[in-house]
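Participant: Have a look at this one.
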Amino acid sequence: MSGKKEDRASGPPRSLTAAEAESWLNLVDGGWALFARVNDEFVKRGLSLSDLRILEAIELSPKLGVSEVADAVHMRVSTVSRMIARLSEVGDVERFESKTDGRHRLVQLTDRGRQTLAAHVHLRDRVIRKFVVDAMSPEEFAALGTAFRKIRAAVDATDEESAPGAI
């Protein structure tokens, strides 16, 4: 394979252009402002963005182990383990033994957990509609999704190809 992407990836790292740096800073500033606002809206209602991430990951892939949930939400296993213990105590998730490996504990949502998730998703959808979807044209919002899908694919490809810390 040859072309610009390969040439850029295989050559020495290069600095961002002024326009690229400005776009990056806009992304960082806008992203932090958005996450701060979303977090504020959740806190006002006694909800948690971290809980949302955990509950969504478990719903999307039922019967995951703690380490798989941690991988799915990009958090440390110890953090996710504590969060799952708390979610289990309030009845949102339940832990059970794996049928294939009795040493392995899996988690799944309870009916109460599905209700908790629905409340979180309802709030998230309202906030994201207000601050993201309604701030853009449908084409811009679709392009944003496409851009982040490509970013995720690039990160995943780099994770698979390189040793830790190699940039």
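Identifiers in this document derive from the order of the structure tokens: chains are assigned A, B, ..., residues are numbered from 1 separately in each chain, and ligands are numbered from 1 in order of occurrence.
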Write out as a count of residues only all residues of region 42-74 of chain A that backbone DSSP assigns to helix (DSSP H, G or I).

Facilitator: 23

Participant: For Leu34 (chain A), find every residue with an atom within 12 Å (counting only C-alpha atoms), except residues of its own chain fewer than 6 positions away, and show them as a list in words.

Facilitator: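 Once the adjacent positions are removed, what remains is Asn26, Leu27, Val28, Asp40, Glu41, Arg124, Val127, Ile128, Arg129, Lys130, Phe131, Val132 and Ala135 of chain A.
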
Participant: For the residues in the current selection, export all heavy atoms as an mmCIF file, in the first residue's frame.

Facilitator:
data_model
loop_
_atom_site.group_PDB
_atom_site.id
_atom_site.type_symbol
_atom_site.label_atom_id
_atom_site.label_comp_id
_atom_site.auth_asym_id
_atom_site.auth_seq_id
_atom_site.Cartn_x
_atom_site.Cartn_y
_atom_site.Cartn_z
ATOM 1 N N ASN A 26 -9.683 23.679 19.475
ATOM 2 C CA ASN A 26 -11.139 23.822 19.479
ATOM 3 C C ASN A 26 -11.820 22.526 19.913
ATOM 4 O O ASN A 26 -12.793 22.545 20.674
ATOM 5 C CB ASN A 26 -11.655 24.248 18.103
ATOM 6 C CG ASN A 26 -11.341 25.687 17.792
ATOM 7 O OD1 ASN A 26 -11.191 26.509 18.684
ATOM 8 N ND2 ASN A 26 -11.221 25.992 16.512
ATOM 9 N N LEU A 27 -11.298 21.396 19.431
ATOM 10 C CA LEU A 27 -11.842 20.095 19.819
ATOM 11 C C LEU A 27 -11.681 19.872 21.326
ATOM 12 O O LEU A 27 -12.629 19.506 22.017
ATOM 13 C CB LEU A 27 -11.137 18.972 19.050
ATOM 14 C CG LEU A 27 -11.425 17.550 19.530
ATOM 15 C CD1 LEU A 27 -12.845 17.145 19.171
ATOM 16 C CD2 LEU A 27 -10.431 16.581 18.939
ATOM 17 N N VAL A 28 -10.488 20.123 21.836
ATOM 18 C CA VAL A 28 -10.223 19.916 23.260
ATOM 19 C C VAL A 28 -11.082 20.851 24.103
ATOM 20 O O VAL A 28 -11.752 20.420 25.049
ATOM 21 C CB VAL A 28 -8.720 20.097 23.569
ATOM 22 C CG1 VAL A 28 -8.465 20.130 25.072
ATOM 23 C CG2 VAL A 28 -7.911 18.987 22.903
ATOM 24 N N ASP A 40 -22.332 18.197 34.908
ATOM 25 C CA ASP A 40 -23.127 19.059 35.790
ATOM 26 C C ASP A 40 -24.601 18.667 35.762
ATOM 27 O O ASP A 40 -25.248 18.619 36.809
ATOM 28 C CB ASP A 40 -22.998 20.530 35.380
ATOM 29 C CG ASP A 40 -21.642 21.130 35.702
ATOM 30 O OD1 ASP A 40 -20.860 20.501 36.454
ATOM 31 O OD2 ASP A 40 -21.361 22.234 35.174
ATOM 32 N N GLU A 41 -25.115 18.399 34.578
ATOM 33 C CA GLU A 41 -26.531 18.026 34.452
ATOM 34 C C GLU A 41 -26.800 16.695 35.156
ATOM 35 O O GLU A 41 -27.846 16.519 35.792
ATOM 36 C CB GLU A 41 -26.942 17.965 32.977
ATOM 37 C CG GLU A 41 -26.887 19.294 32.260
ATOM 38 C CD GLU A 41 -27.872 20.327 32.806
ATOM 39 O OE1 GLU A 41 -28.970 19.952 33.266
ATOM 40 O OE2 GLU A 41 -27.534 21.528 32.784
ATOM 41 N N ARG A 124 -29.001 11.920 29.172
ATOM 42 C CA ARG A 124 -27.900 12.091 28.216
ATOM 43 C C ARG A 124 -28.423 12.552 26.858
ATOM 44 O O ARG A 124 -27.896 13.482 26.264
ATOM 45 C CB ARG A 124 -27.142 10.773 28.053
ATOM 46 C CG ARG A 124 -25.930 10.909 27.162
ATOM 47 C CD ARG A 124 -25.692 9.871 26.100
ATOM 48 N NE ARG A 124 -26.814 9.246 25.501
ATOM 49 C CZ ARG A 124 -26.902 7.936 25.266
ATOM 50 N NH1 ARG A 124 -25.928 7.131 25.621
ATOM 51 N NH2 ARG A 124 -27.962 7.434 24.677
ATOM 52 N N VAL A 127 -29.456 16.267 26.917
ATOM 53 C CA VAL A 127 -28.308 17.167 26.994
ATOM 54 C C VAL A 127 -27.532 17.178 25.671
ATOM 55 O O VAL A 127 -27.163 18.246 25.166
ATOM 56 C CB VAL A 127 -27.393 16.784 28.175
ATOM 57 C CG1 VAL A 127 -26.112 17.606 28.167
ATOM 58 C CG2 VAL A 127 -28.132 16.957 29.502
ATOM 59 N N ILE A 128 -27.296 16.011 25.114
ATOM 60 C CA ILE A 128 -26.547 15.940 23.848
ATOM 61 C C ILE A 128 -27.342 16.571 22.710
ATOM 62 O O ILE A 128 -26.775 17.255 21.852
ATOM 63 C CB ILE A 128 -26.145 14.480 23.527
ATOM 64 C CG1 ILE A 128 -25.206 13.940 24.605
ATOM 65 C CG2 ILE A 128 -25.528 14.370 22.132
ATOM 66 C CD1 ILE A 128 -23.961 14.776 24.848
ATOM 67 N N ARG A 129 -28.649 16.384 22.698
ATOM 68 C CA ARG A 129 -29.468 17.038 21.667
ATOM 69 C C ARG A 129 -29.303 18.554 21.777
ATOM 70 O O ARG A 129 -29.065 19.236 20.777
ATOM 71 C CB ARG A 129 -30.942 16.670 21.794
ATOM 72 C CG ARG A 129 -31.811 17.494 20.830
ATOM 73 C CD ARG A 129 -33.080 16.839 20.414
ATOM 74 N NE ARG A 129 -32.932 15.521 19.889
ATOM 75 C CZ ARG A 129 -32.527 15.218 18.651
ATOM 76 N NH1 ARG A 129 -32.202 16.162 17.801
ATOM 77 N NH2 ARG A 129 -32.453 13.969 18.264
ATOM 78 N N LYS A 130 -29.398 19.093 23.001
ATOM 79 C CA LYS A 130 -29.316 20.546 23.192
ATOM 80 C C LYS A 130 -27.961 21.114 22.795
ATOM 81 O O LYS A 130 -27.879 22.129 22.099
ATOM 82 C CB LYS A 130 -29.612 20.884 24.653
ATOM 83 C CG LYS A 130 -29.551 22.364 24.962
ATOM 84 C CD LYS A 130 -29.909 22.642 26.408
ATOM 85 C CE LYS A 130 -29.869 24.132 26.691
ATOM 86 N NZ LYS A 130 -30.252 24.425 28.079
ATOM 87 N N PHE A 131 -26.877 20.479 23.249
ATOM 88 C CA PHE A 131 -25.554 21.068 23.085
ATOM 89 C C PHE A 131 -24.770 20.566 21.875
ATOM 90 O O PHE A 131 -23.768 21.171 21.512
ATOM 91 C CB PHE A 131 -24.721 20.868 24.353
ATOM 92 C CG PHE A 131 -25.287 21.608 25.524
ATOM 93 C CD1 PHE A 131 -25.868 20.923 26.568
ATOM 94 C CD2 PHE A 131 -25.254 22.998 25.573
ATOM 95 C CE1 PHE A 131 -26.398 21.602 27.652
ATOM 96 C CE2 PHE A 131 -25.786 23.683 26.651
ATOM 97 C CZ PHE A 131 -26.364 22.981 27.692
ATOM 98 N N VAL A 132 -25.201 19.479 21.262
ATOM 99 C CA VAL A 132 -24.448 18.942 20.123
ATOM 100 C C VAL A 132 -25.330 18.854 18.880
ATOM 101 O O VAL A 132 -25.084 19.543 17.893
ATOM 102 C CB VAL A 132 -23.832 17.551 20.453
ATOM 103 C CG1 VAL A 132 -23.036 17.028 19.266
ATOM 104 C CG2 VAL A 132 -22.955 17.622 21.697
ATOM 105 N N ALA A 135 -26.863 22.053 17.725
ATOM 106 C CA ALA A 135 -25.868 23.078 17.413
ATOM 107 C C ALA A 135 -25.267 22.884 16.022
ATOM 108 O O ALA A 135 -24.507 23.732 15.560
ATOM 109 C CB ALA A 135 -24.753 23.067 18.466
#

Participant: Tell me which of A:Glu22, A:Glu139, A:Asp134, A:Glu89 sits closest to Thr110 (chain A), counting only C-alpha atoms.

Facilitator: A:Glu89

Participant: Apply DSSP to the structure's backbone, then extract all residues of region 54-127 of chain A labelled strand (DSSP E or B) and return them as a PyMOL selection string.

Facilitator: chain A and resi 64-65+93-97+105-109

Participant: For Asp92 (chain A), find every residue with an atom within 12 Å (counting only C-alpha atoms), except residues of its own chain fewer than 3 positions away, and show them as a list in words.

Facilitator: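 What passes the distance filter is Asp51, Leu52, Ile54, Leu55, Glu56, Ile58, Glu59, Met83, Ile84, Ala85, Arg86, Leu87, Ser88, Glu89, Arg95, Val107, Gln108, Leu109, Thr110, Asp111, Arg112, Gly113, Arg114, Gln115, Thr116, Leu117 and Ala118 of chain A.
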
Participant: I'd like the interatomic distance between CA of Gly91 (chain A) and CA of Val43 (chain A), to a tenth of an Å.

Facilitator: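 These atoms are spaced 20.2 Å apart.
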
Participant: Quick one, how far is CA of Val93 (chain A) from CA of Leu106 (chain A)?

Facilitator: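 Computing the Euclidean distance for CA of Val93 (chain A) and CA of Leu106 (chain A) yields 10.0 Å.
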
Participant: Between A:Pro12, A:Ala154, A:Ala18, A:Phe42, which residue has the minimum interatomic distance to Asp125 (chain A), considering only C-alpha atoms?

Facilitator: A:Phe42

Participant: Just to confirm, what's the straight-line distance from CA of Ala70 (chain A) to CA of Thr146 (chain A) in Å (one decimal)?

Facilitator: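 For CA of Ala70 (chain A) relative to CA of Thr146 (chain A), the distance reads 24.6 Å.
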